[in-house]
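These notes concern the structure reproduced below.
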There are 2 protein chains.
Amino acid sequence: MNVYALREGFTDTQSGWLTAVAPYLDMVERKIEQTIASDVPAAYHLSMRLFSAGGKRIRPALAILSALASDGSADTTRLIDFAVATELVHMASLVHDDVVDETSKRRGAPTANSLWGNKISVLGGDFLLSKAFGLLARDVDSEIIRVLSGAAVKMTEGELLQACSEGDFAAWEANYWTIIEGKCAAFMSACCECGAIIAGAQFAARAALAEYGLQIGYAFQITDDLLDITGDPSVTGKETGADLVHGKFTLPVLLACEDAEERRLLIESGRIGITRDKALEVTNRVIACGAAERAANLANECAEKAVAQLACLPDSEFKAGLEGLAGALTGRKV
Amino acid sequence: MNVYALREGFTDTQSGWLTAVAPYLDMVERKIEQTIASDVPAAYHLSMRLFSAGGKRIRPALAILSALASDGSADTTRLIDFAVATELVHMASLVHDDVVDETSKRRGAPTANSLWGNKISVLGGDFLLSKAFGLLARDVDSEIIRVLSGAAVKMTEGELLQACSEGDFAAWEANYWTIIEGKCAAFMSACCECGAIIAGAQFAARAALAEYGLQIGYAFQITDDLLDITGDPSVTGKETGADLVHGKFTLPVLLACEDAEERRLLIESGRIGITRDKALEVTNRVIACGAAERAANLANECAEKAVAQLACLPDSEFKAGLEGLAGALTGRKV
C-alpha cells in the first residue's frame, strides 16, 4: 500500500495531514505483513485479506503523529511496533464486529465471515489480538500495554453496551456518549497517549494528547454515525439507514427527537426490525429537521476541542498533521 | 468456590494434588471475581456466569505449582495475578469455542451463546481477553506476556487448523499432534514456564517445567478426546461421539485406522455430517479393536514423560502436586 491508497475517503485538500506521516505508515504496512505471517493457511489468508482490504490506518497515524509531535523523542522501531499493534487490535475488532452484526460486505468487498464463516472469523480475530499483544510485549515499558489493554476493555464494554441497547431508544438516549467513548474514542485516546509515552513526553503533553485522541474519537464516531444518514452509498459502500435497521439510535436521530413531534414520529417508527424503506423515511426527516447538521456541528466542536489541546506542543509538521487529521476526519465522505 | 468444588471430575484418591495448591486457588477465585467486575451488565453477567460455572482451574494450578516447585521463590501477588490471567484467557477461549461450535450446553449448563446469543458471547470473550492482558501488563517482567501471548497465538492457530480440518480424515492424520499442541499443550506449557519465570527459576528448571506442561497438555487433550469415545455422558455432560459428529478425527480413531480393514470401514462411515447412531457404531469399533486403550496408553506415556521432567526439581509438596496432577488428569472421568 502506498500513500495514495491511504487517502481513501479523503479529498486532496484533506489528505495533507498524510505528508508527514506517510513514510512511517509505509513501515507500518510492511511490518503488519511480517507480523501476520503464519504456517496455518486459514490464519494467514484471513489476516492477509483484512490487511489487503486497506483502510485509513487512523490509529497508527494517531500514535505516530502523537509521538513525533510531542516534546520527547521516539525510537522508530518501538513506535512502529506499537502502531502495528493498534491496527491489529482494530482489525480484530472489525472482524468480530462483522460476525456479530452478520455483515456481508465492508468497503464494498465481502467480509471474512461471508467468505469463511463465523468459526474462522472469530478465531481469526483472536489470532490477530494475540499477535497484537505479543508485539506490545516487546516494549520495554509495560505502561504501554496497561494503557492499551485498558482501552481494549473499554472497547468491548462499549460494544457490549451497544449490543444490549439495540432497538431500545431510551437506552441509546442514556448511553450514547458512553457507547461511542467505549467503542471508539477510548482506543483512539490510548493510541495518542501511548505515542506520547513512547516519545518520553512530559506529563502535560501526554495528558493533552490523550484528550486530543478522545475528542478526535468522538468526532470520528459522530461522523461515522452521520454518514449512515447523509452518506452516499456509492461512496461509503454501506446502505443508508443501516444503523436504524439494526436498532442503533445515533446522535442525529437523538437530536431530532429533542423535538416532541419528531420524537413521537421517530420513536414510533424507529424500532428494531424497521424496514429499509421506513429507515430512509426517518433519515430524511432527520436531515430535514436540521438534526443532521447539528450533529455535524457537534462533531466539528469535538474536532476543535481536540486541536485546542495541541497548543502546548511545539510547532512542527507532525503537530500540523494532527491538526489536519482532525479536520479531515470530520469532513470525510467514507 | 472451595477446594471440594475444584475436585470436579476427580476421585478422592486423584484429588490429592489439590492439597498443596488449594489455598492459592482460593485466592485465584477471589481475584477472578474482582477482575471481571464491570459497570456494563452484559460484560459482568456473562463473565460471572462463566466464573460460577466452575471448572478444574488446571491452568492456574499448573502456574502456581510450577512456581512453588521450582528452585526459585515467587511473589504471591504476582503469581496469583498471572494465574488469574491464564484462567481468563481459558474462559475466553471456551466462550468463543462454544460460539464457533454452536454448543448449547457445557458441563450440563446452558452456554453463554445459548443464553445471550453469539453477539454478546463473542464480545464477552474479547472482554475477558482484554482483562487478562491488562492483568499481565502489571507484571514487572515482559517475558511473561511474551511467552503467554505466543502461546495464545499458537492456541488460535491450533483452533483454526482444527476448524479447517473438519471432516477431512487425511488432514487430521497429518495434523493431529500439531492441532492438540496448538489448542491445548502450548498454553499449558506456557503456564508452567511462566510460573518458573515468576519464581526466578534457573534455566534448567524453567525448561523442564515448560516440557512438563507440554506433555501434560498432550495427555490432557488425548484424555479429552478419549472421553468423547469412552466417557459416560451422565458424568461428562457431553454426548458420546460428538467429535465424530463434528468431523473431528481424534487419536483413538486415527489409531483404529492404522488397521487397513478398520480404516476402510471407519473412513467410509466417518465423514462430517455423520449421524449420532453412526458415530456410536464407530466409537464402539474404536473401543473393540483396542484403539481406545492404545490412546489411553499414549496419554499415560505423555504423563510419565511429564513427571520425568520433574527429576531436576527439589522434593516438595508442590513437586508432589505436579506429579499427582499428571496422574489425575489422565485418569479423570470428566
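Lettering and numbering for the C-alpha cells are positional, with chains as A, B, ... in the shown order, residues counted from 1 in each chain, and ligands counted from 1 in the shown order.
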May I have chain A as a CSV table (one decimal) with C-alpha atoms, in the first residue's frame, after a least-squares superposition on chain B that uses all C-alpha atoms paired in order?
chain,number,residue,atom,x,y,z
A,1,MET,CA,-15.7,-21.9,45.3
A,2,ASN,CA,-13.9,-24.1,47.7
A,3,VAL,CA,-11.5,-27.0,47.3
A,4,TYR,CA,-14.3,-29.5,47.1
A,5,ALA,CA,-15.8,-27.8,44.0
A,6,LEU,CA,-12.4,-27.9,42.4
A,7,ARG,CA,-12.3,-31.7,42.7
A,8,GLU,CA,-14.8,-31.8,39.8
A,9,GLY,CA,-14.2,-34.9,37.8
A,10,PHE,CA,-11.6,-36.4,40.1
A,11,THR,CA,-11.9,-39.2,42.5
A,12,ASP,CA,-10.9,-38.8,46.1
A,13,THR,CA,-7.6,-40.6,45.5
A,14,GLN,CA,-6.9,-38.4,42.4
A,15,SER,CA,-7.5,-35.1,44.2
A,16,GLY,CA,-4.5,-35.3,46.5
A,17,TRP,CA,-2.6,-33.0,44.2
A,18,LEU,CA,-5.0,-30.2,45.3
A,19,THR,CA,-3.9,-30.1,48.9
A,20,ALA,CA,-0.8,-28.1,48.4
A,21,VAL,CA,-2.3,-25.7,45.9
A,22,ALA,CA,-5.8,-25.3,47.4
A,23,PRO,CA,-5.2,-22.1,49.5
A,24,TYR,CA,-3.7,-20.4,46.4
A,25,LEU,CA,-6.6,-21.5,44.2
A,26,ASP,CA,-9.0,-19.9,46.7
A,27,MET,CA,-7.0,-16.6,46.2
A,28,VAL,CA,-7.4,-17.1,42.4
A,29,GLU,CA,-11.2,-17.5,42.8
A,30,ARG,CA,-11.5,-14.2,44.7
A,31,LYS,CA,-9.2,-12.4,42.3
A,32,ILE,CA,-11.1,-13.6,39.3
A,33,GLU,CA,-14.3,-12.3,40.8
A,34,GLN,CA,-12.7,-8.8,41.4
A,35,THR,CA,-11.1,-8.7,37.9
A,36,ILE,CA,-14.2,-9.4,35.9
A,37,ALA,CA,-16.2,-6.5,37.6
A,38,SER,CA,-17.7,-4.2,35.0
A,39,ASP,CA,-20.2,-1.4,35.0
A,40,VAL,CA,-21.6,-2.9,31.9
A,41,PRO,CA,-24.2,-5.5,33.0
A,42,ALA,CA,-23.7,-7.8,29.9
A,43,ALA,CA,-20.0,-7.9,30.5
A,44,TYR,CA,-20.4,-8.7,34.1
A,45,HIS,CA,-23.2,-11.2,33.8
A,46,LEU,CA,-21.5,-13.2,31.1
A,47,SER,CA,-18.2,-13.3,33.0
A,48,MET,CA,-19.8,-14.1,36.3
A,49,ARG,CA,-21.7,-17.0,34.7
A,50,LEU,CA,-18.6,-18.4,33.2
A,51,PHE,CA,-16.8,-18.0,36.5
A,52,SER,CA,-19.6,-19.5,38.6
A,53,ALA,CA,-19.8,-22.5,36.3
A,54,GLY,CA,-16.6,-23.6,37.9
A,55,GLY,CA,-14.0,-25.8,36.3
A,56,LYS,CA,-10.9,-27.6,37.3
A,57,ARG,CA,-8.7,-24.4,37.2
A,58,ILE,CA,-6.0,-26.6,35.8
A,59,ARG,CA,-4.1,-23.7,34.2
A,60,PRO,CA,-3.8,-21.6,37.4
A,61,ALA,CA,-2.9,-24.8,39.3
A,62,LEU,CA,-0.1,-25.5,36.8
A,63,ALA,CA,1.3,-22.0,37.1
A,64,ILE,CA,1.2,-22.0,40.9
A,65,LEU,CA,2.6,-25.4,41.4
A,66,SER,CA,5.3,-24.8,38.8
A,67,ALA,CA,6.4,-21.6,40.6
A,68,LEU,CA,6.4,-23.1,44.0
A,69,ALA,CA,8.0,-26.4,43.0
A,70,SER,CA,10.8,-24.7,41.1
A,71,ASP,CA,14.2,-23.8,42.6
A,72,GLY,CA,13.3,-20.1,43.0
A,73,SER,CA,10.8,-18.1,45.1
A,74,ALA,CA,7.7,-16.4,43.9
A,75,ASP,CA,5.9,-13.2,45.0
A,76,THR,CA,2.4,-14.4,45.8
A,77,THR,CA,0.5,-11.4,44.4
A,78,ARG,CA,2.4,-11.6,41.1
A,79,LEU,CA,1.8,-15.3,40.9
A,80,ILE,CA,-1.9,-15.0,41.6
A,81,ASP,CA,-2.3,-12.2,39.0
A,82,PHE,CA,-0.7,-14.4,36.4
A,83,ALA,CA,-2.7,-17.5,37.4
A,84,VAL,CA,-5.9,-15.4,37.1
A,85,ALA,CA,-4.9,-14.2,33.6
A,86,THR,CA,-4.4,-17.8,32.5
A,87,GLU,CA,-7.9,-18.7,33.6
A,88,LEU,CA,-9.4,-15.6,31.9
A,89,VAL,CA,-7.7,-16.5,28.6
A,90,HIS,CA,-9.0,-20.0,29.0
A,91,MET,CA,-12.6,-18.8,29.8
A,92,ALA,CA,-12.4,-16.5,26.7
A,93,SER,CA,-11.4,-19.4,24.5
A,94,LEU,CA,-14.2,-21.6,25.9
A,95,VAL,CA,-16.9,-18.9,25.2
A,96,HIS,CA,-15.5,-18.4,21.7
A,97,ASP,CA,-15.3,-22.2,21.1
A,98,ASP,CA,-18.9,-22.5,22.1
A,99,VAL,CA,-19.9,-19.9,19.6
A,100,VAL,CA,-17.8,-21.5,16.9
A,101,ASP,CA,-19.1,-25.0,17.6
A,102,GLU,CA,-22.7,-23.8,18.3
A,103,THR,CA,-22.5,-25.7,21.6
A,104,SER,CA,-25.7,-25.2,23.7
A,105,LYS,CA,-24.5,-27.0,26.8
A,106,ARG,CA,-21.2,-27.2,28.7
A,107,ARG,CA,-20.9,-29.3,31.9
A,108,GLY,CA,-24.7,-29.8,31.7
A,109,ALA,CA,-25.4,-26.0,31.9
A,110,PRO,CA,-26.5,-23.7,29.1
A,111,THR,CA,-23.6,-22.0,27.3
A,112,ALA,CA,-23.3,-18.2,27.1
A,113,ASN,CA,-24.2,-18.2,23.4
A,114,SER,CA,-27.4,-20.2,24.1
A,115,LEU,CA,-28.3,-17.7,26.8
A,116,TRP,CA,-27.3,-14.4,25.3
A,117,GLY,CA,-26.6,-15.2,21.6
A,118,ASN,CA,-23.4,-15.0,19.6
A,119,LYS,CA,-23.0,-11.3,19.7
A,120,ILE,CA,-22.7,-11.0,23.5
A,121,SER,CA,-20.6,-14.1,23.6
A,122,VAL,CA,-18.0,-13.0,21.0
A,123,LEU,CA,-17.7,-9.6,22.7
A,124,GLY,CA,-17.7,-11.1,26.1
A,125,GLY,CA,-14.8,-13.3,25.2
A,126,ASP,CA,-12.9,-10.3,23.9
A,127,PHE,CA,-13.7,-8.5,27.2
A,128,LEU,CA,-12.1,-11.4,29.1
A,129,LEU,CA,-9.1,-11.5,26.8
A,130,SER,CA,-8.5,-7.7,27.3
A,131,LYS,CA,-8.9,-8.1,31.1
A,132,ALA,CA,-6.3,-10.9,31.0
A,133,PHE,CA,-3.8,-8.9,29.1
A,134,GLY,CA,-4.4,-5.9,31.4
A,135,LEU,CA,-3.6,-8.1,34.4
A,136,LEU,CA,-0.4,-9.4,32.7
A,137,ALA,CA,0.7,-5.9,31.9
A,138,ARG,CA,1.1,-5.3,35.7
A,139,ASP,CA,3.9,-7.8,35.8
A,140,VAL,CA,7.4,-6.4,36.1
A,141,ASP,CA,8.8,-8.9,33.6
A,142,SER,CA,7.5,-8.5,30.0
A,143,GLU,CA,8.9,-12.0,29.3
A,144,ILE,CA,5.7,-13.3,31.0
A,145,ILE,CA,3.4,-11.6,28.4
A,146,ARG,CA,5.7,-12.6,25.6
A,147,VAL,CA,5.5,-16.3,26.5
A,148,LEU,CA,1.8,-16.2,27.2
A,149,SER,CA,0.8,-14.2,24.1
A,150,GLY,CA,3.0,-16.5,22.0
A,151,ALA,CA,1.0,-19.5,23.4
A,152,ALA,CA,-2.2,-17.6,22.7
A,153,VAL,CA,-1.2,-17.2,19.1
A,154,LYS,CA,-0.5,-21.0,18.9
A,155,MET,CA,-3.8,-21.7,20.5
A,156,THR,CA,-5.8,-19.8,17.9
A,157,GLU,CA,-3.6,-21.3,15.1
A,158,GLY,CA,-4.4,-24.8,16.6
A,159,GLU,CA,-8.1,-24.0,16.7
A,160,LEU,CA,-8.0,-22.6,13.1
A,161,LEU,CA,-6.2,-25.7,11.9
A,162,GLN,CA,-8.8,-27.9,13.6
A,163,ALA,CA,-11.7,-25.8,12.1
A,164,CYS,CA,-10.2,-26.2,8.6
A,165,SER,CA,-9.6,-29.9,9.1
A,166,GLU,CA,-13.2,-30.7,9.9
A,167,GLY,CA,-14.5,-33.8,8.1
A,168,ASP,CA,-11.1,-34.3,6.4
A,169,PHE,CA,-9.6,-37.5,7.7
A,170,ALA,CA,-6.2,-37.0,5.9
A,171,ALA,CA,-5.9,-33.5,7.4
A,172,TRP,CA,-6.4,-34.9,10.9
A,173,GLU,CA,-4.0,-37.8,10.2
A,174,ALA,CA,-1.3,-35.2,9.2
A,175,ASN,CA,-2.0,-32.6,11.8
A,176,TYR,CA,-3.4,-34.3,15.0
A,177,TRP,CA,-0.3,-33.6,17.1
A,178,THR,CA,0.0,-30.0,15.8
A,179,ILE,CA,-3.6,-29.4,16.5
A,180,ILE,CA,-3.5,-30.6,20.1
A,181,GLU,CA,-0.2,-28.9,20.7
A,182,GLY,CA,-1.7,-25.6,19.5
A,183,LYS,CA,-5.1,-25.8,21.1
A,184,CYS,CA,-4.1,-27.2,24.4
A,185,ALA,CA,-0.5,-28.2,25.1
A,186,ALA,CA,1.4,-25.0,24.1
A,187,PHE,CA,-0.8,-22.9,26.5
A,188,MET,CA,-0.3,-25.4,29.4
A,189,SER,CA,3.4,-25.3,28.7
A,190,ALA,CA,3.4,-21.5,28.9
A,191,CYS,CA,1.5,-21.6,32.2
A,192,CYS,CA,4.3,-23.8,33.7
A,193,GLU,CA,7.1,-21.9,32.1
A,194,CYS,CA,5.8,-18.5,33.3
A,195,GLY,CA,5.3,-19.9,36.8
A,196,ALA,CA,9.0,-20.8,36.7
A,197,ILE,CA,9.9,-17.3,35.4
A,198,ILE,CA,7.9,-15.6,38.2
A,199,ALA,CA,9.8,-17.7,40.7
A,200,GLY,CA,13.1,-16.7,39.2
A,201,ALA,CA,13.9,-20.3,38.5
A,202,GLN,CA,17.2,-21.4,36.9
A,203,PHE,CA,17.1,-22.1,33.2
A,204,ALA,CA,17.2,-25.9,33.6
A,205,ALA,CA,14.1,-25.8,35.9
A,206,ARG,CA,12.3,-23.4,33.6
A,207,ALA,CA,12.9,-25.7,30.5
A,208,ALA,CA,11.9,-28.8,32.5
A,209,LEU,CA,8.7,-27.2,33.6
A,210,ALA,CA,7.9,-25.9,30.1
A,211,GLU,CA,8.3,-29.5,28.8
A,212,TYR,CA,6.3,-30.9,31.8
A,213,GLY,CA,3.5,-28.6,30.7
A,214,LEU,CA,3.7,-29.6,27.1
A,215,GLN,CA,3.5,-33.3,27.9
A,216,ILE,CA,0.7,-32.7,30.4
A,217,GLY,CA,-1.1,-30.8,27.7
A,218,TYR,CA,-0.8,-33.7,25.3
A,219,ALA,CA,-2.0,-36.1,28.0
A,220,PHE,CA,-4.9,-33.8,28.9
A,221,GLN,CA,-6.1,-33.4,25.3
A,222,ILE,CA,-5.8,-37.1,24.4
A,223,THR,CA,-7.8,-37.9,27.6
A,224,ASP,CA,-10.4,-35.3,26.5
A,225,ASP,CA,-10.5,-37.0,23.0
A,226,LEU,CA,-10.8,-40.4,24.7
A,227,LEU,CA,-13.7,-39.3,27.0
A,228,ASP,CA,-15.6,-38.4,23.8
A,229,ILE,CA,-15.5,-42.1,22.9
A,230,THR,CA,-15.3,-44.0,26.2
A,231,GLY,CA,-16.8,-41.4,28.6
A,232,ASP,CA,-20.1,-41.8,30.5
A,233,PRO,CA,-22.4,-39.0,29.1
A,234,SER,CA,-24.1,-38.7,32.5
A,235,VAL,CA,-20.7,-37.8,34.0
A,236,THR,CA,-19.1,-35.9,31.2
A,237,GLY,CA,-22.3,-33.9,30.4
A,238,LYS,CA,-21.4,-34.5,26.7
A,239,GLU,CA,-22.9,-36.9,24.2
A,240,THR,CA,-20.6,-39.8,23.2
A,241,GLY,CA,-19.1,-39.4,19.7
A,242,ALA,CA,-19.8,-35.7,19.5
A,243,ASP,CA,-16.3,-35.2,18.0
A,244,LEU,CA,-17.1,-37.6,15.1
A,245,VAL,CA,-20.4,-35.8,14.5
A,246,HIS,CA,-18.4,-32.6,14.2
A,247,GLY,CA,-15.9,-34.2,11.8
A,248,LYS,CA,-13.0,-34.4,14.3
A,249,PHE,CA,-10.9,-37.5,13.9
A,250,THR,CA,-9.0,-37.8,17.1
A,251,LEU,CA,-6.2,-40.1,18.2
A,252,PRO,CA,-8.3,-43.2,19.1
A,253,VAL,CA,-10.0,-43.1,15.7
A,254,LEU,CA,-6.6,-42.5,14.0
A,255,LEU,CA,-5.1,-45.4,15.8
A,256,ALA,CA,-8.0,-47.6,14.9
A,257,CYS,CA,-7.5,-46.7,11.2
A,258,GLU,CA,-3.9,-48.0,11.3
A,259,ASP,CA,-5.6,-51.3,10.6
A,260,ALA,CA,-6.5,-51.5,6.9
A,261,GLU,CA,-9.9,-53.1,7.4
A,262,GLU,CA,-11.0,-50.7,10.2
A,263,ARG,CA,-9.7,-47.8,8.1
A,264,ARG,CA,-11.9,-48.8,5.2
A,265,LEU,CA,-14.9,-49.2,7.5
A,266,LEU,CA,-14.3,-46.0,9.5
A,267,ILE,CA,-13.2,-43.6,6.9
A,268,GLU,CA,-16.2,-44.5,4.8
A,269,SER,CA,-18.6,-44.0,7.6
A,270,GLY,CA,-16.8,-41.3,9.5
A,271,ARG,CA,-17.4,-38.2,7.3
A,272,ILE,CA,-18.7,-34.9,8.6
A,273,GLY,CA,-22.4,-34.9,8.9
A,274,ILE,CA,-22.3,-38.4,10.4
A,275,THR,CA,-25.4,-39.2,12.4
A,276,ARG,CA,-25.3,-39.8,16.1
A,277,ASP,CA,-26.2,-43.5,15.6
A,278,LYS,CA,-23.4,-44.0,13.1
A,279,ALA,CA,-21.0,-42.2,15.5
A,280,LEU,CA,-21.9,-44.6,18.3
A,281,GLU,CA,-21.2,-47.5,16.0
A,282,VAL,CA,-17.8,-46.0,15.2
A,283,THR,CA,-16.9,-45.4,18.9
A,284,ASN,CA,-17.8,-49.0,19.7
A,285,ARG,CA,-15.5,-50.3,16.9
A,286,VAL,CA,-12.7,-48.0,18.2
A,287,ILE,CA,-13.1,-49.5,21.7
A,288,ALA,CA,-13.5,-53.1,20.4
A,289,CYS,CA,-10.4,-53.0,18.3
A,290,GLY,CA,-8.3,-51.8,21.2
A,291,ALA,CA,-7.5,-48.4,19.8
A,292,ALA,CA,-9.1,-46.6,22.7
A,293,GLU,CA,-6.8,-48.5,25.1
A,294,ARG,CA,-3.8,-47.7,23.0
A,295,ALA,CA,-4.7,-44.0,23.1
A,296,ALA,CA,-5.0,-44.2,26.9
A,297,ASN,CA,-1.6,-45.8,27.0
A,298,LEU,CA,-0.2,-42.9,24.9
A,299,ALA,CA,-1.8,-40.4,27.3
A,300,ASN,CA,-0.2,-42.2,30.2
A,301,GLU,CA,3.2,-42.2,28.4
A,302,CYS,CA,2.9,-38.4,28.0
A,303,ALA,CA,2.0,-38.0,31.7
A,304,GLU,CA,5.1,-40.2,32.6
A,305,LYS,CA,7.3,-38.1,30.3
A,306,ALA,CA,5.9,-35.0,32.1
A,307,VAL,CA,6.7,-36.4,35.6
A,308,ALA,CA,10.2,-37.5,34.5
A,309,GLN,CA,11.0,-33.8,33.7
A,310,LEU,CA,10.5,-33.0,37.4
A,311,ALA,CA,13.5,-35.0,38.5
A,312,CYS,CA,15.7,-31.9,38.4
A,313,LEU,CA,13.5,-30.1,41.0
A,314,PRO,CA,13.9,-30.3,44.8
A,315,ASP,CA,11.4,-32.6,46.6
A,316,SER,CA,8.5,-30.7,48.0
A,317,GLU,CA,4.7,-30.9,48.4
A,318,PHE,CA,4.4,-28.8,45.2
A,319,LYS,CA,6.5,-31.1,43.2
A,320,ALA,CA,4.3,-33.9,44.6
A,321,GLY,CA,1.3,-31.9,43.5
A,322,LEU,CA,2.6,-31.7,39.9
A,323,GLU,CA,3.3,-35.5,40.0
A,324,GLY,CA,-0.2,-36.1,41.3
A,325,LEU,CA,-1.8,-33.8,38.8
A,326,ALA,CA,-0.2,-35.7,35.9
A,327,GLY,CA,-1.9,-38.9,37.1
A,328,ALA,CA,-5.2,-37.2,37.9
A,329,LEU,CA,-5.6,-35.6,34.5
A,330,THR,CA,-5.2,-38.9,32.6
A,331,GLY,CA,-7.3,-40.9,35.0
A,332,ARG,CA,-10.2,-38.4,35.2
A,333,LYS,CA,-13.8,-39.2,34.2
A,334,VAL,CA,-14.8,-35.6,33.0
(message) With DSSP run on the backbone, what are the strand (DSSP E or B) residues within region 61-246 of chain B? I'd like them as a ChimeraX atom specification.
(response) /B:105-106,109-110
Once you have the residues from the selection above, write them out as a compact mmCIF listing (two decimals), in the first residue's frame, restricted to N, CA and C atoms.
# COMPACT_ATOMS: atom_id res chain seq x y z
N LYS B 105 -24.74 -26.63 25.44
CA LYS B 105 -24.51 -26.94 26.85
C LYS B 105 -23.05 -27.25 27.12
N ARG B 106 -22.58 -26.84 28.29
CA ARG B 106 -21.23 -27.19 28.75
C ARG B 106 -21.35 -27.56 30.21
N ALA B 109 -24.74 -27.30 31.79
CA ALA B 109 -25.43 -26.00 31.93
C ALA B 109 -25.46 -25.29 30.57
N PRO B 110 -26.45 -24.41 30.36
CA PRO B 110 -26.53 -23.69 29.08
C PRO B 110 -25.28 -22.84 28.86
